[in-house]
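A.B. asks: Dropping in query.cif, which is mmCIF, C-alpha atoms:
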```
data_query
#
loop_
_atom_site.label_atom_id
_atom_site.label_comp_id
_atom_site.auth_asym_id
_atom_site.auth_seq_id
_atom_site.Cartn_x
_atom_site.Cartn_y
_atom_site.Cartn_z
CA MET A 1 0.00 0.00 0.00
CA PHE A 2 2.88 2.34 0.75
CA GLU A 3 4.26 1.96 -2.79
CA ILE A 4 0.79 2.59 -4.25
CA LEU A 5 0.50 5.82 -2.26
CA ARG A 6 3.98 6.80 -3.48
CA GLY A 7 2.81 6.10 -7.02
CA PHE A 8 0.18 8.84 -6.80
CA TYR A 9 2.99 11.28 -6.10
CA VAL A 10 5.47 9.86 -8.64
CA ALA A 11 3.22 9.53 -11.72
CA GLU A 12 3.59 12.56 -13.99
CA ASN A 13 2.40 11.78 -17.51
CA TYR A 14 -0.05 9.72 -19.54
CA TRP A 15 2.03 6.54 -19.66
CA GLU A 16 2.98 6.63 -16.00
CA TRP A 17 -0.64 7.05 -14.93
CA LYS A 18 -1.69 4.30 -17.37
CA ASN A 19 0.97 1.92 -16.07
CA PHE A 20 0.22 2.86 -12.49
CA THR A 21 -3.52 2.22 -12.64
CA GLY A 22 -2.98 -1.03 -14.57
CA THR A 23 -0.36 -2.33 -12.14
CA ILE A 24 -2.21 -1.60 -8.88
CA PRO A 25 -4.26 -4.86 -9.17
CA VAL A 26 -1.04 -6.76 -9.88
CA VAL A 27 0.82 -5.64 -6.76
CA LEU A 28 -2.33 -6.31 -4.72
CA PHE A 29 -2.55 -9.89 -6.01
CA PRO A 30 -1.59 -11.40 -2.62
CA LEU A 31 -4.95 -10.18 -1.27
CA ILE A 32 -6.68 -12.69 -3.55
CA VAL A 33 -5.57 -15.38 -1.12
CA PHE A 34 -8.30 -14.30 1.28
CA VAL A 35 -10.86 -15.18 -1.42
CA LEU A 36 -9.36 -18.30 -2.95
CA LYS A 37 -8.42 -20.04 0.31
CA ASP A 38 -12.06 -20.97 0.94
CA PRO A 39 -12.82 -24.35 -0.73
CA ILE A 40 -16.43 -23.37 -1.42
CA VAL A 41 -15.50 -20.05 -3.02
CA LEU A 42 -12.71 -21.61 -5.10
CA LYS A 43 -15.12 -24.30 -6.31
CA SER A 44 -17.69 -21.67 -7.28
CA ILE A 45 -15.02 -19.93 -9.40
CA LEU A 46 -13.41 -22.94 -11.05
CA LYS A 47 -16.49 -25.07 -11.77
CA PRO A 48 -18.18 -22.62 -14.19
CA TRP A 49 -14.82 -21.78 -15.74
CA TYR A 50 -14.10 -25.40 -16.64
CA ARG A 51 -17.67 -25.86 -17.86
CA TRP A 52 -18.18 -22.71 -19.94
CA ALA A 53 -14.79 -21.08 -20.56
CA LEU A 54 -13.32 -24.25 -22.06
CA LEU A 55 -16.38 -24.68 -24.26
CA ALA A 56 -16.17 -21.05 -25.41
CA PHE A 57 -12.47 -21.48 -26.12
CA VAL A 58 -12.98 -24.59 -28.27
CA LEU A 59 -15.89 -23.04 -30.18
CA PHE A 60 -14.67 -19.48 -30.62
CA PHE A 61 -11.37 -18.30 -29.18
CA TYR A 62 -9.05 -21.06 -30.40
CA TRP A 63 -9.36 -19.76 -33.94
CA MET A 64 -8.29 -16.28 -32.81
CA VAL A 65 -5.72 -16.72 -30.02
CA GLY A 66 -4.52 -20.30 -30.49
CA ILE A 67 -3.49 -22.48 -27.55
CA SER A 68 -2.65 -19.78 -25.02
CA GLN A 69 -1.77 -20.11 -21.35
CA PHE A 70 -3.06 -16.58 -20.86
CA TYR A 71 -6.58 -17.88 -21.50
CA LEU A 72 -6.18 -21.50 -20.38
CA GLY A 73 -4.28 -20.85 -17.13
CA PRO A 74 -6.62 -22.85 -14.83
CA LEU A 75 -5.99 -25.82 -17.11
CA PHE A 76 -2.64 -26.25 -15.34
CA PHE A 77 -4.45 -26.79 -12.04
CA ALA A 78 -6.94 -29.22 -13.59
CA LEU A 79 -4.13 -31.21 -15.22
CA CYS A 80 -2.35 -31.71 -11.90
CA PHE A 81 -5.24 -33.64 -10.35
CA LEU A 82 -7.18 -34.78 -13.40
CA SER A 83 -7.07 -38.42 -12.28
CA LEU A 84 -9.37 -37.45 -9.39
CA GLY A 85 -12.13 -36.16 -11.69
CA LYS A 86 -15.27 -38.10 -12.49
CA ASN A 87 -16.42 -36.56 -15.79
CA PRO A 88 -14.77 -38.64 -18.57
CA PHE A 89 -15.62 -36.19 -21.36
CA MET A 90 -14.17 -33.25 -19.44
CA LYS A 91 -11.06 -35.26 -18.64
CA ILE A 92 -10.53 -36.05 -22.32
CA VAL A 93 -10.97 -32.39 -23.31
CA ILE A 94 -8.47 -31.24 -20.66
CA VAL A 95 -5.90 -33.87 -21.63
CA VAL A 96 -6.17 -32.96 -25.32
CA LEU A 97 -5.81 -29.25 -24.56
CA GLY A 98 -2.91 -30.03 -22.23
CA ILE A 99 -1.12 -31.98 -24.95
CA LEU A 100 -1.73 -29.11 -27.38
CA MET A 101 -0.20 -26.72 -24.86
CA LEU A 102 2.87 -28.96 -24.82
CA THR A 103 3.25 -29.09 -28.58
CA ASP A 104 1.82 -25.82 -29.92
CA ASN A 105 4.50 -23.45 -31.25
CA ILE A 106 7.24 -24.41 -28.80
CA ILE A 107 9.51 -21.71 -30.22
CA ASP A 108 7.34 -18.82 -29.10
CA ASN A 109 5.72 -20.63 -26.16
CA ARG A 110 8.63 -22.23 -24.34
CA SER A 111 7.28 -20.99 -21.02
CA GLN A 112 3.90 -22.57 -21.74
CA PHE A 113 5.60 -25.85 -22.66
CA ILE A 114 7.54 -25.95 -19.37
CA LYS A 115 4.45 -25.19 -17.26
CA ALA A 116 2.36 -27.80 -19.06
CA ALA A 117 5.16 -30.35 -18.68
CA MET A 118 5.32 -29.62 -14.95
CA SER A 119 1.56 -30.05 -14.65
CA PHE A 120 1.79 -33.44 -16.33
CA LEU A 121 4.63 -34.36 -13.94
CA ILE A 122 2.40 -33.46 -10.98
CA LEU A 123 -0.42 -35.48 -12.60
CA PHE A 124 1.92 -38.46 -12.81
CA SER A 125 2.86 -37.95 -9.16
CA SER A 126 -0.79 -37.72 -8.09
CA VAL A 127 -1.65 -40.94 -9.93
CA PHE A 128 1.21 -42.83 -8.29
CA HIS A 129 1.26 -40.90 -5.03
CA LYS A 130 1.14 -44.11 -3.00
CA PHE A 131 4.54 -45.05 -4.43
CA ILE A 132 6.13 -41.61 -4.01
CA SER A 133 7.15 -40.82 -0.45
CA THR A 134 6.46 -37.47 1.14
CA TYR A 135 10.15 -37.33 2.08
CA LEU A 136 11.15 -37.51 -1.59
CA ILE A 137 8.79 -34.64 -2.51
CA ARG A 138 10.13 -32.49 0.32
CA VAL A 139 13.78 -33.18 -0.54
CA ALA A 140 13.21 -32.44 -4.23
CA CYS A 141 11.48 -29.15 -3.42
CA LEU A 142 14.18 -28.14 -0.96
CA ALA A 143 16.83 -28.90 -3.58
CA VAL A 144 15.04 -26.69 -6.11
CA ILE A 145 14.80 -23.80 -3.63
CA ILE A 146 18.47 -24.07 -2.62
CA ALA A 147 19.62 -24.37 -6.25
CA THR A 148 17.54 -21.32 -7.20
CA ILE A 149 19.01 -19.18 -4.42
CA ILE A 150 22.59 -20.34 -5.15
CA LEU A 151 22.29 -19.69 -8.89
CA LEU A 152 20.74 -16.30 -8.19
CA TYR A 153 23.59 -15.39 -5.83
CA LEU A 154 26.25 -16.58 -8.28
CA GLY A 155 24.62 -14.66 -11.10
CA LEU A 156 24.30 -11.42 -9.15
CA THR A 157 27.90 -11.60 -7.94
CA GLY A 158 29.17 -12.34 -11.45
CA ASN A 159 30.69 -15.71 -10.55
CA PHE A 160 28.44 -17.83 -12.74
CA ASN A 161 25.70 -16.88 -15.19
CA LEU A 162 23.54 -19.88 -16.08
CA PHE A 163 21.89 -18.12 -19.04
CA LYS A 164 25.20 -17.01 -20.54
CA ASP A 165 26.82 -20.39 -19.88
CA ILE A 166 24.06 -22.23 -21.77
CA SER A 167 24.21 -19.71 -24.60
CA ASP A 168 28.01 -19.93 -24.91
CA ASN A 169 28.30 -23.70 -24.66
CA TYR A 170 25.27 -24.73 -26.68
CA GLU A 171 25.01 -21.93 -29.22
CA GLY A 172 23.71 -23.23 -32.53
CA ARG A 173 23.16 -26.79 -31.28
CA TYR A 174 19.43 -26.48 -30.68
CA THR A 175 17.70 -24.48 -33.37
CA MET A 176 14.16 -24.47 -34.67
CA VAL A 177 12.53 -22.91 -37.70
CA SER A 178 9.63 -20.55 -37.09
CA ASP A 179 7.12 -19.41 -39.67
CA ALA A 180 6.50 -15.85 -38.49
CA ASP A 181 4.50 -13.47 -40.66
CA GLY A 182 4.97 -15.76 -43.62
CA GLU A 183 8.76 -15.77 -43.26
CA LEU A 184 10.87 -18.72 -42.19
CA LYS A 185 13.27 -17.80 -39.40
CA THR A 186 15.85 -19.96 -37.66
CA ILE A 187 15.82 -19.38 -33.90
CA ASP A 188 18.55 -20.50 -31.50
CA MET A 189 16.71 -22.11 -28.60
CA SER A 190 19.79 -21.77 -26.35
CA GLY A 191 20.07 -18.01 -26.87
CA ASP A 192 20.44 -15.82 -23.78
CA THR A 193 17.36 -13.59 -23.53
CA ARG A 194 17.50 -12.89 -19.79
CA THR A 195 20.93 -11.53 -18.84
CA PHE A 196 20.29 -8.12 -20.42
CA ILE A 197 17.04 -7.80 -18.44
CA TYR A 198 18.84 -8.33 -15.13
CA GLU A 199 21.59 -5.93 -16.20
CA GLU A 200 19.10 -3.21 -17.14
CA VAL A 201 16.92 -3.68 -14.06
CA LEU A 202 19.78 -3.73 -11.56
CA GLY A 203 21.76 -1.02 -13.35
CA SER A 204 18.76 1.28 -13.42
CA ALA A 205 18.03 0.69 -9.72
CA ILE A 206 21.60 1.46 -8.67
CA LYS A 207 21.91 4.49 -10.94
CA ASN A 208 18.63 6.02 -9.78
CA ASP A 209 18.90 4.90 -6.15
CA TYR A 210 15.70 2.88 -5.74
CA VAL A 211 17.17 -0.50 -4.78
CA LEU A 212 15.48 -0.70 -1.40
CA MET A 213 11.97 0.63 -2.01
CA GLY A 214 11.56 0.44 -5.79
CA ARG A 215 10.32 2.97 -8.30
CA THR A 216 6.59 2.45 -7.54
CA PRO A 217 4.14 0.74 -9.93
CA ALA A 218 4.00 3.97 -11.95
CA ARG A 219 7.54 3.70 -13.29
CA GLY A 220 9.71 1.16 -15.09
CA HIS A 221 13.45 0.64 -15.36
CA ASP A 222 15.64 2.61 -17.76
CA ALA A 223 15.47 0.94 -21.18
CA ILE A 224 18.62 0.29 -23.21
CA VAL A 225 18.07 -2.71 -25.49
CA PHE A 226 14.49 -1.66 -26.29
CA ALA A 227 15.15 2.08 -26.05
CA GLU A 228 14.11 2.86 -29.61
CA GLU A 229 10.91 0.82 -29.33
CA ALA A 230 10.11 2.50 -26.01
CA ARG A 231 10.75 5.96 -27.45
CA ASP A 232 8.48 5.31 -30.44
CA LEU A 233 5.69 3.97 -28.22
CA LEU A 234 5.88 6.57 -25.49
CA SER A 235 6.19 9.59 -27.78
CA VAL A 236 2.72 8.89 -29.21
CA HIS A 237 1.16 10.39 -26.08
CA TYR A 238 3.96 12.25 -24.36
CA VAL A 239 6.95 14.09 -25.79
CA ASP A 240 8.17 16.67 -23.26
CA ASN A 241 10.55 15.34 -20.62
CA LEU A 242 10.25 11.86 -22.16
CA LYS A 243 11.46 9.03 -19.92
CA ILE A 244 12.72 6.04 -21.89
CA GLU A 245 11.64 3.23 -19.60
CA ARG A 246 10.43 -0.32 -19.92
CA HIS A 247 7.61 -0.69 -17.44
CA LYS A 248 7.39 -4.48 -17.41
CA ASP A 249 9.66 -7.39 -18.37
CA GLU A 250 9.06 -11.10 -18.88
CA ILE A 251 10.43 -11.99 -15.43
CA CYS A 252 8.22 -11.94 -12.33
CA PHE A 253 10.72 -10.96 -9.66
CA THR A 254 12.51 -8.30 -11.71
CA ASN A 255 9.17 -6.55 -12.15
CA ILE A 256 8.47 -6.74 -8.42
CA PHE A 257 11.96 -5.38 -7.77
CA THR A 258 11.45 -2.42 -10.11
CA TRP A 259 8.08 -1.52 -8.63
CA LEU A 260 8.50 -2.45 -4.95
CA GLY A 261 12.26 -2.72 -4.49
CA LEU A 262 14.22 -5.26 -2.48
CA VAL A 263 11.66 -5.04 0.31
CA GLY A 264 8.89 -6.08 -2.06
CA VAL A 265 10.93 -8.95 -3.49
CA LEU A 266 11.68 -10.31 -0.02
CA LEU A 267 8.01 -10.09 0.95
CA TYR A 268 6.97 -11.91 -2.23
CA MET A 269 9.61 -14.58 -1.60
CA CYS A 270 8.27 -15.03 1.93
CA ILE A 271 4.75 -15.58 0.59
CA TYR A 272 5.93 -18.21 -1.90
CA LEU A 273 8.26 -20.02 0.49
CA TYR A 274 5.95 -19.89 3.51
CA SER A 275 3.00 -21.21 1.51
CA ALA A 276 5.22 -23.98 0.09
CA TYR A 277 6.37 -24.84 3.62
CA LEU A 278 2.80 -25.10 4.89
CA GLY A 279 1.75 -27.19 1.91
CA LEU A 280 4.71 -29.56 2.14
CA PHE A 281 5.05 -29.91 5.92
CA LYS A 282 1.75 -28.89 7.53
CA SER A 283 -0.88 -30.59 5.37
CA ASN A 284 -2.58 -33.98 5.70
CA SER A 285 -3.20 -34.65 2.01
CA LYS A 286 -0.56 -35.73 -0.46
CA TYR A 287 -2.41 -33.65 -3.06
CA VAL A 288 -1.94 -30.45 -1.07
CA LYS A 289 1.74 -31.36 -0.76
CA LEU A 290 1.87 -31.53 -4.56
CA CYS A 291 0.33 -28.04 -4.62
CA GLY A 292 3.27 -27.03 -2.46
CA ALA A 293 5.59 -28.54 -5.05
CA MET A 294 3.92 -26.44 -7.74
CA VAL A 295 4.45 -23.31 -5.63
CA VAL A 296 8.16 -24.18 -5.41
CA PHE A 297 8.26 -24.58 -9.19
CA TYR A 298 6.58 -21.21 -9.75
CA PHE A 299 8.99 -19.62 -7.26
CA ALA A 300 12.01 -20.94 -9.18
CA PHE A 301 10.48 -20.18 -12.58
CA GLY A 302 9.63 -16.67 -11.44
CA TRP A 303 13.31 -15.75 -11.74
CA ILE A 304 13.24 -16.73 -15.42
CA GLU A 305 9.69 -16.08 -16.64
CA ASN A 306 6.14 -15.64 -15.25
CA SER A 307 5.54 -12.04 -16.23
CA THR A 308 3.36 -10.24 -13.69
CA SER A 309 0.02 -9.16 -15.16
CA PHE A 310 -3.58 -9.06 -14.02
CA ASP A 311 -4.69 -12.11 -16.00
CA ILE A 312 -5.98 -15.65 -15.59
CA ILE A 313 -2.56 -17.32 -15.64
CA ASN A 314 -1.41 -15.24 -12.66
CA VAL A 315 -4.64 -16.10 -10.85
CA THR A 316 -3.70 -19.75 -11.38
CA TYR A 317 -0.37 -19.28 -9.60
CA TRP A 318 -2.21 -17.81 -6.65
CA ILE A 319 -4.69 -20.70 -6.59
CA PHE A 320 -1.83 -23.04 -5.67
CA ILE A 321 -0.49 -20.56 -3.11
CA SER A 322 -3.97 -20.06 -1.61
CA ILE A 323 -4.55 -23.79 -1.21
CA CYS A 324 -1.27 -24.14 0.67
CA LEU A 325 -2.06 -21.16 2.91
CA SER A 326 -5.61 -22.37 3.59
CA SER A 327 -6.10 -24.24 6.87
CA SER A 328 -9.29 -25.73 5.39
CA PHE A 329 -7.40 -27.36 2.53
CA ARG A 330 -4.47 -28.41 4.72
CA LYS A 331 -6.84 -30.22 7.10
CA MET A 332 -8.29 -32.29 4.25
CA THR A 333 -7.36 -35.93 3.86
CA ASP A 334 -6.65 -37.41 0.43
CA LYS A 335 -10.24 -38.63 0.25
CA GLU A 336 -11.69 -35.25 1.20
CA PHE A 337 -9.54 -33.41 -1.35
CA LYS A 338 -10.61 -35.93 -3.98
CA LEU A 339 -14.29 -35.39 -3.16
CA TRP A 340 -13.81 -31.61 -3.34
CA PHE A 341 -12.06 -31.82 -6.71
CA ARG A 342 -14.84 -34.02 -8.06
CA THR A 343 -17.33 -31.24 -7.39
CA ILE A 344 -15.40 -29.24 -10.00
CA ILE A 345 -14.64 -31.83 -12.69
#
```
As structure tokens - that is how I would like this structure written.
C.D. replies:
Amino acid sequence: MFEILRGFYVAENYWEWKNFTGTIPVVLFPLIVFVLKDPIVLKSILKPWYRWALLAFVLFFYWMVGISQFYLGPLFFALCFLSLGKNPFMKIVIVVLGILMLTDNIIDNRSQFIKAAMSFLILFSSVFHKFISTYLIRVACLAVIIATIILLYLGLTGNFNLFKDISDNYEGRYTMVSDADGELKTIDMSGDTRTFIYEEVLGSAIKNDYVLMGRTPARGHDAIVFAEEARDLLSVHYVDNLKIERHKDEICFTNIFTWLGLVGVLLYMCIYLYSAYLGLFKSNSKYVKLCGAMVVFYFAFGWIENSTSFDIINVTYWIFISICLSSSFRKMTDKEFKLWFRTII
């Protein structure tokens, strides 16, 4: 709330006010937990979505937007526990859409591919949960968290850059051909598209002295790589005292850092890690523990992707977090969670 109040003072022009008003719901996303943590409320939201939104997508929107995670976000949640559902037709539709999300335009939708693959992995784990020990799930999640923090530290200190290392060592080995706008283009799948974002975000914060508290949701970081594109876009509505900034990147935590500073990043990390802890260690159901595993995945992936926007895919992330934070869900047994999920699908 403090950063939002600061934003009213910081915003000066059309684009800053536009970005500010559009980003307020994003930075307030954690409040959605108080709504989604109630099993009855979450059911009342998801049940009509799976019934009508999927039907509308198949009949109308697929032909316009294609297989898009930004419309089909809740599909990731359904995929994780699809084996618990009772509607065979709905299960077939979700599986088919899930497979399409895995295979549709991998070049441009690598993030979607990874999220769908993780959902199928959780589905596999939920099917064979009796053969997968809770200890193994906890150890795997702890390893992911530790690896994420170590790689982040090494990258920030300049000792080891995973993105640059992959790009340097595997450049040209994994390429795919994309048909974009009627033109065939060869794209290097190992290319480094993240280092420059971290460099711009951190460099801008240090230069302009907003490391601790951020630049508020009204502002972005100083743009270098996309400076020309930013200038062309911004100058349409505002010319005098033009600030060449990129308001939002493709990475979740760099956006939070730009808007809310180091304090905001630490608070967001606490939400992710605390909810994962409750899901993994303080829940009765193996299915809620798998929700905790998904929160750990989204935490790690948030340093690479998961752009922060007020859309259905971001709501999906918070569904997993809300379930882990909910005492009602954590008290459920495997049977009770299964019965609840069957009221949805």
A.B. asks: What is the atom CA of A:Gln112 to atom CA of A:Ala293 distance in Å?
C.D. replies: 17.8 Å
A.B. asks: Could you tell me, as a PyMOL selection string, exactly which residues end up selected when the PyMOL selection byres ((chain A and resi 78) around 10) is applied to this structure?
C.D. replies: chain A and resi 46+50+73-77+79-85+91+94-95+98+119+123+341+344-345
A.B. asks: So which one's closest to A:Arg330, A:Ser285, A:Ser275, A:Thr308, A:Thr21? Using only C-alpha atoms, please.
C.D. replies: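 Of A:Ser285, A:Ser275, A:Thr308, A:Thr21, the one nearest A:Arg330 is A:Ser285, counting only C-alpha atoms.
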A.B. asks: Check which residues satisfy the PyMOL selection byres ((chain A and resi 246) around 8) in the file shown, then give them as a short mmCIF file (atom, residue, chain, number, x, y, z; two decimals) with C-alpha atoms, in the frame of the given file.
C.D. replies:
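Result written to selection.cif:
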```
data_model
loop_
_atom_site.label_atom_id
_atom_site.label_comp_id
_atom_site.auth_asym_id
_atom_site.auth_seq_id
_atom_site.Cartn_x
_atom_site.Cartn_y
_atom_site.Cartn_z
CA GLY A 220 9.71 1.16 -15.09
CA HIS A 221 13.45 0.64 -15.36
CA ASP A 222 15.64 2.61 -17.76
CA ALA A 223 15.47 0.94 -21.18
CA PHE A 226 14.49 -1.66 -26.29
CA ALA A 230 10.11 2.50 -26.01
CA ILE A 244 12.72 6.04 -21.89
CA GLU A 245 11.64 3.23 -19.60
CA HIS A 247 7.61 -0.69 -17.44
CA LYS A 248 7.39 -4.48 -17.41
CA ASP A 249 9.66 -7.39 -18.37
#
```
A.B. asks: Let me make sure I understand: among A:Ser133, A:Asn314, A:Thr216, A:Asn19, which one has the smallest atom-to-atom distance to A:Gly7 if we use only C-alpha atoms?
C.D. replies: A:Thr216
A.B. asks: Quick one, how far is atom CA of A:Asp209 from atom CA of A:Asn255?
C.D. replies: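 We find that atom CA of A:Asp209 and atom CA of A:Asn255 lie 16.2 Å from each other.
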A.B. asks: Which residues would end up in the selection if the PyMOL selection byres ((chain A and resi 29-37) around 8) were applied here, given that I need the answer as a PyMOL selection string?
C.D. replies: chain A and resi 25-28+38-39+41-42+318-319+321-323+325-326+328-329
A.B. asks: Rank nothing, just name the residue among A:Phe297, A:Arg219, A:Leu262, A:Phe281 nearest to A:Tyr14, using only C-alpha atoms.
C.D. replies: A:Arg219
A.B. asks: What are the centre and edge lengths in Å, to one decimal, of the axis-aligned box around all listed atoms of stretch 205-219 of chain A with 4 Å added on each side, as JSON?
C.D. replies:
```
{"center_x": 13.0, "center_y": 2.7, "center_z": -7.3, "size_x": 25.9, "size_y": 14.7, "size_z": 19.9}
```
A.B. asks: If you count all atoms listed in the file, which residues fall within 12 Å of A:Val144, apart from same-chain ones fewer than 6 positions away, as a ChimeraX atom specification?
C.D. replies: /A:137-138,150-151,273,276,293-301
A.B. asks: Rounded to one decimal, what separation in Å do you get between atom CA of A:Pro217 and atom CA of A:Tyr9?
C.D. replies: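 Result for atom CA of A:Pro217 versus atom CA of A:Tyr9: 11.3 Å, one decimal.
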A.B. asks: Excluding A:Val201 and any residue of its chain fewer than 2 positions from it, enumerate the residues within 8 Å of it, using only C-alpha atoms, and give them as a VMD selection string.
C.D. replies: chain A and resid 197 to 199 203 to 205 221 to 222 254 258
A.B. asks: For A:Phe337, which of A:Leu102, A:Tyr287, A:Ile149, A:Thr316 is the closest residue, counting all atoms listed in the file?
C.D. replies: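 Checking each of A:Leu102, A:Tyr287, A:Ile149, A:Thr316 against A:Phe337, counting all atoms listed in the file, the winner is A:Tyr287.
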A.B. asks: When distances are computed from all atoms listed in the file, which of A:Lys130, A:Leu260, A:Cys270, A:Tyr135 shows the smallest separation from A:Asp334?
C.D. replies: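 For A:Asp334, the nearest of the candidates is A:Lys130.
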A.B. asks: Taking all atoms listed in the file into account, which of A:Val10, A:Cys324, A:Ile251, A:Ile256 comes nearest A:Gly292?
C.D. replies: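 Smallest distance to A:Gly292 is found for A:Cys324.
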